[in-house]
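The structure under discussion appears below in the form of structure tokens.
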Amino acid sequence: MPSKPAILIARKVFPDIVDHLRAHFEVEMNDTDDVYSPAQLIERLQGKVGALTTGSERIDAAVAAACPQLRVVANIAVGFNNFDVPALSAAGVLATNTPDVLTETTADFGFALIMATARRLTESEHFLRAGQWNRWSLDMFAGAEVHGSTLGILGMGRIGQAIARRGALGFGMKVIYHNRSRLDAATEAECRARYVDKATLLREADHLILVLPYSAENHHAIGAAEIAQMKPTATLVNIARGGIVDDAALAQALRERRIAAAGLDVFEGEPKVHPDLLTVPNVVLTPHIASATMQTRRAMAKLAADNVIAYLTEGRPITPLNAEIIGKGARE
Ligand code: 8YV
């Protein structure tokens, strides 16, 4: 019997997803949560036709060239800035991501961070745990209103829209947004969101949340100059990607109270966190968990696996990023 084609799972995933893949492929899996070095990744990918990756594995022209049998890379993430998609297309490697299955869960978490940041949840908990709570006072940990305030959203894809709905319908917020391209009128109406330019967004938002994909153009889209345009009472939440915010500039602004507070789920160079962010009190810090419910993480892993299976068995991936190469230069 001919042996099955081989694939690599670059990070530990749920056992039943591995079994699902084993029905079709010889599966090699990184059984740890340690990220392969670039050299290890290339070594492990030798002879593999497919790979499941996460945001931590860089897949670019060098990887494609060093792994000539590789036909498909499936990211267990909606963001795909770890892929050089044009280079993969040029090399004939199909790339996929996991849109939709994480939208609502990630929007829930975005809202959790808005709430926690505005209402000083972790700062006040640390105070209590440290045994410092010995009396109550009228203005103790007084934060910013969320209901009825102005929610600013930078990046208005699926997740941005889901956050807009929560803000407008659940919290009676006035929602403004800025995006590379304006939404159609029906979607704007459904999200109850008004398009504004970036300067207006920065100036008017009481709570600004970042939900845009990372790209070289978006590097430090929020730096000292942008923070300076925000209200001193405003909060900033980043659930998008590290590198979109200049973390050093943000830490300084928080220390100097040039904005009230921030909530961060993603960091430049994570899992390292800028040391200055660890010492300012007015920031809520979480370790890149916006999509982390068991149900959603399972759905993401399943979709990535199904993309590999669908492409390698029938040539029809479910959520491709470069479908245009199929039949026109894709590796066979
Ligand atoms: C992932 C994310 O869990 O989907 C994304 O883009 O940021 C998270 O949901 C993370 O990137 C691991 O791949």
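The way I read the labels, and the way they are meant: chains A, B, ... in the order of the structure tokens, residue 1 as the first residue of every chain, and ligand 1 as the first ligand shown, with later ones counted on from there.
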*Run DSSP on the backbone and give me the residues of segment 58-140 of chain A it puts in helix (DSSP H, G or I), as a VMD selection string.*
chain A and resid 61 to 66 85 to 91 103 to 118 121 to 129
*asked:* List as an MDAnalysis selection string the protein and nucleic acid residues near Val72 of chain A, meaning an atom at most 6 Å away when only C-alpha atoms are counted, but skip any in the same chain fewer than 2 places from it.
replied: chainID A and resid 50 93:95
For segment 167-175 of chain A: contacts at 8 Å, only C-alpha atoms, fewer than 3 positions along chain excluded, given as a tab-separated table (two decimals) with N, CA and C atoms, in the first residue's frame:
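Saved the output as out.tsv:
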chain	number	residue	atom	x	y	z
A	146	VAL	N	-18.45	53.65	30.39
A	146	VAL	CA	-18.44	52.93	29.12
A	146	VAL	C	-19.77	53.19	28.41
A	147	HIS	N	-20.89	52.91	29.08
A	147	HIS	CA	-22.20	53.12	28.44
A	147	HIS	C	-22.33	54.59	28.04
A	148	GLY	N	-22.89	54.80	26.90
A	148	GLY	CA	-23.16	56.17	26.45
A	148	GLY	C	-21.93	56.95	25.99
A	149	SER	N	-20.74	56.36	26.07
A	149	SER	CA	-19.53	57.09	25.66
A	149	SER	C	-19.28	56.86	24.16
A	150	THR	N	-18.20	57.43	23.66
A	150	THR	CA	-17.88	57.27	22.23
A	150	THR	C	-16.83	56.18	22.06
A	151	LEU	N	-17.21	55.15	21.31
A	151	LEU	CA	-16.30	54.04	21.03
A	151	LEU	C	-15.65	54.28	19.67
A	152	GLY	N	-14.33	54.30	19.64
A	152	GLY	CA	-13.61	54.45	18.38
A	152	GLY	C	-13.00	53.11	17.99
A	153	ILE	N	-13.18	52.72	16.74
A	153	ILE	CA	-12.66	51.43	16.28
A	153	ILE	C	-11.73	51.69	15.10
A	163	ILE	N	-17.56	44.19	17.41
A	163	ILE	CA	-17.36	45.07	18.59
A	163	ILE	C	-18.30	46.28	18.49
A	164	ALA	N	-18.45	46.80	17.28
A	164	ALA	CA	-19.35	47.95	17.08
A	164	ALA	C	-20.77	47.59	17.53
A	191	CYS	N	-24.25	48.18	11.91
A	191	CYS	CA	-23.31	48.32	13.04
A	191	CYS	C	-23.52	49.64	13.80
A	192	ARG	N	-24.37	50.48	13.29
A	192	ARG	CA	-24.60	51.82	13.87
A	192	ARG	C	-23.28	52.56	14.05
A	193	ALA	N	-22.45	52.50	13.00
A	193	ALA	CA	-21.12	53.08	13.09
A	193	ALA	C	-20.93	54.16	12.04
A	194	ARG	N	-20.24	55.23	12.42
A	194	ARG	CA	-20.01	56.35	11.52
A	194	ARG	C	-18.54	56.39	11.12
Residues within 9 Å of ligand 1, counting only C-alpha atoms and all ligand atoms, as an mmCIF file with C-alpha atoms, in the first residue's frame:
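As written to disk, out27.cif reads:
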data_model
loop_
_atom_site.group_PDB
_atom_site.id
_atom_site.type_symbol
_atom_site.label_atom_id
_atom_site.label_comp_id
_atom_site.auth_asym_id
_atom_site.auth_seq_id
_atom_site.Cartn_x
_atom_site.Cartn_y
_atom_site.Cartn_z
ATOM 1 C CA THR A 53 1.198 26.735 11.833
ATOM 2 C CA THR A 54 0.405 29.479 14.326
ATOM 3 C CA GLY A 55 1.329 33.141 14.328
ATOM 4 C CA SER A 56 4.767 32.211 15.684
ATOM 5 C CA GLU A 57 6.136 30.438 12.617
ATOM 6 C CA ASN A 75 -2.404 29.128 9.925
ATOM 7 C CA ILE A 76 -4.370 28.489 13.106
ATOM 8 C CA ALA A 77 -5.129 32.221 13.263
ATOM 9 C CA VAL A 78 -7.090 34.774 11.307
ATOM 10 C CA GLY A 79 -4.070 37.112 11.241
ATOM 11 C CA PHE A 80 -1.396 35.977 8.800
ATOM 12 C CA ASN A 81 1.401 38.515 9.081
ATOM 13 C CA ASN A 97 -6.197 31.251 7.717
ATOM 14 C CA THR A 98 -9.154 30.865 10.122
ATOM 15 C CA PRO A 99 -11.629 33.724 9.640
ATOM 16 C CA LEU A 102 -13.222 33.413 16.111
ATOM 17 C CA THR A 106 -12.571 37.814 19.962
ATOM 18 C CA PRO A 213 -4.253 43.605 10.619
ATOM 19 C CA ILE A 239 -6.273 43.194 20.474
ATOM 20 C CA ALA A 240 -4.812 43.381 16.951
ATOM 21 C CA ARG A 241 -1.076 42.714 16.765
ATOM 22 C CA VAL A 266 -0.677 41.788 22.084
ATOM 23 C CA HIS A 288 -2.657 37.090 23.609
ATOM 24 C CA ILE A 289 -5.846 35.272 24.643
ATOM 25 C CA ALA A 290 -8.554 37.177 22.760
ATOM 26 C CA SER A 291 -9.658 34.060 20.850
ATOM 27 C CA ALA A 292 -9.051 31.717 23.776
ATOM 28 C CA THR A 296 -13.145 28.726 19.487
ATOM 29 C CA ARG A 297 -9.588 27.416 19.709
ATOM 30 C CA MET A 300 -9.721 27.307 14.646
#
Give me, as a Markdown table, each residue of segment 265-318 of chain A that comes within 8 Å of segment 17-23 of chain A, together with its shortest interatomic pair and the distance in Å at one decimal, counting only C-alpha atoms, with rows ordered by chain and rising residue number.
| residue | atom | partner | partner_atom | distance |
| --- | --- | --- | --- | --- |
| A:Ala301 | CA | A:Ile17 | CA | 7.1 |
| A:Lys302 | CA | A:Ile17 | CA | 6.3 |
| A:Ala305 | CA | A:Leu21 | CA | 6.6 |
| A:Ile309 | CA | A:Leu21 | CA | 7.3 |
_If you run DSSP on the backbone here, which positions in segment 110-220 of chain A get strand (DSSP E or B)? Please write them as a ChimeraX atom specification._
/A:150-154,174-178,193-195,207-210
*Using only C-alpha atoms, which residues sit within 10 Å of Gly92 of chain A once same-chain residues fewer than 4 positions away are excluded, as an MDAnalysis selection string?*
chainID A and resid 64 68 70:72 86:88 322 325:332
*Find, counting only C-alpha atoms, the residue in A:Ile222, A:Ala130, A:Ala216, A:Ile209 that gets nearest to Asp265 of chain A.*
A:Ile209
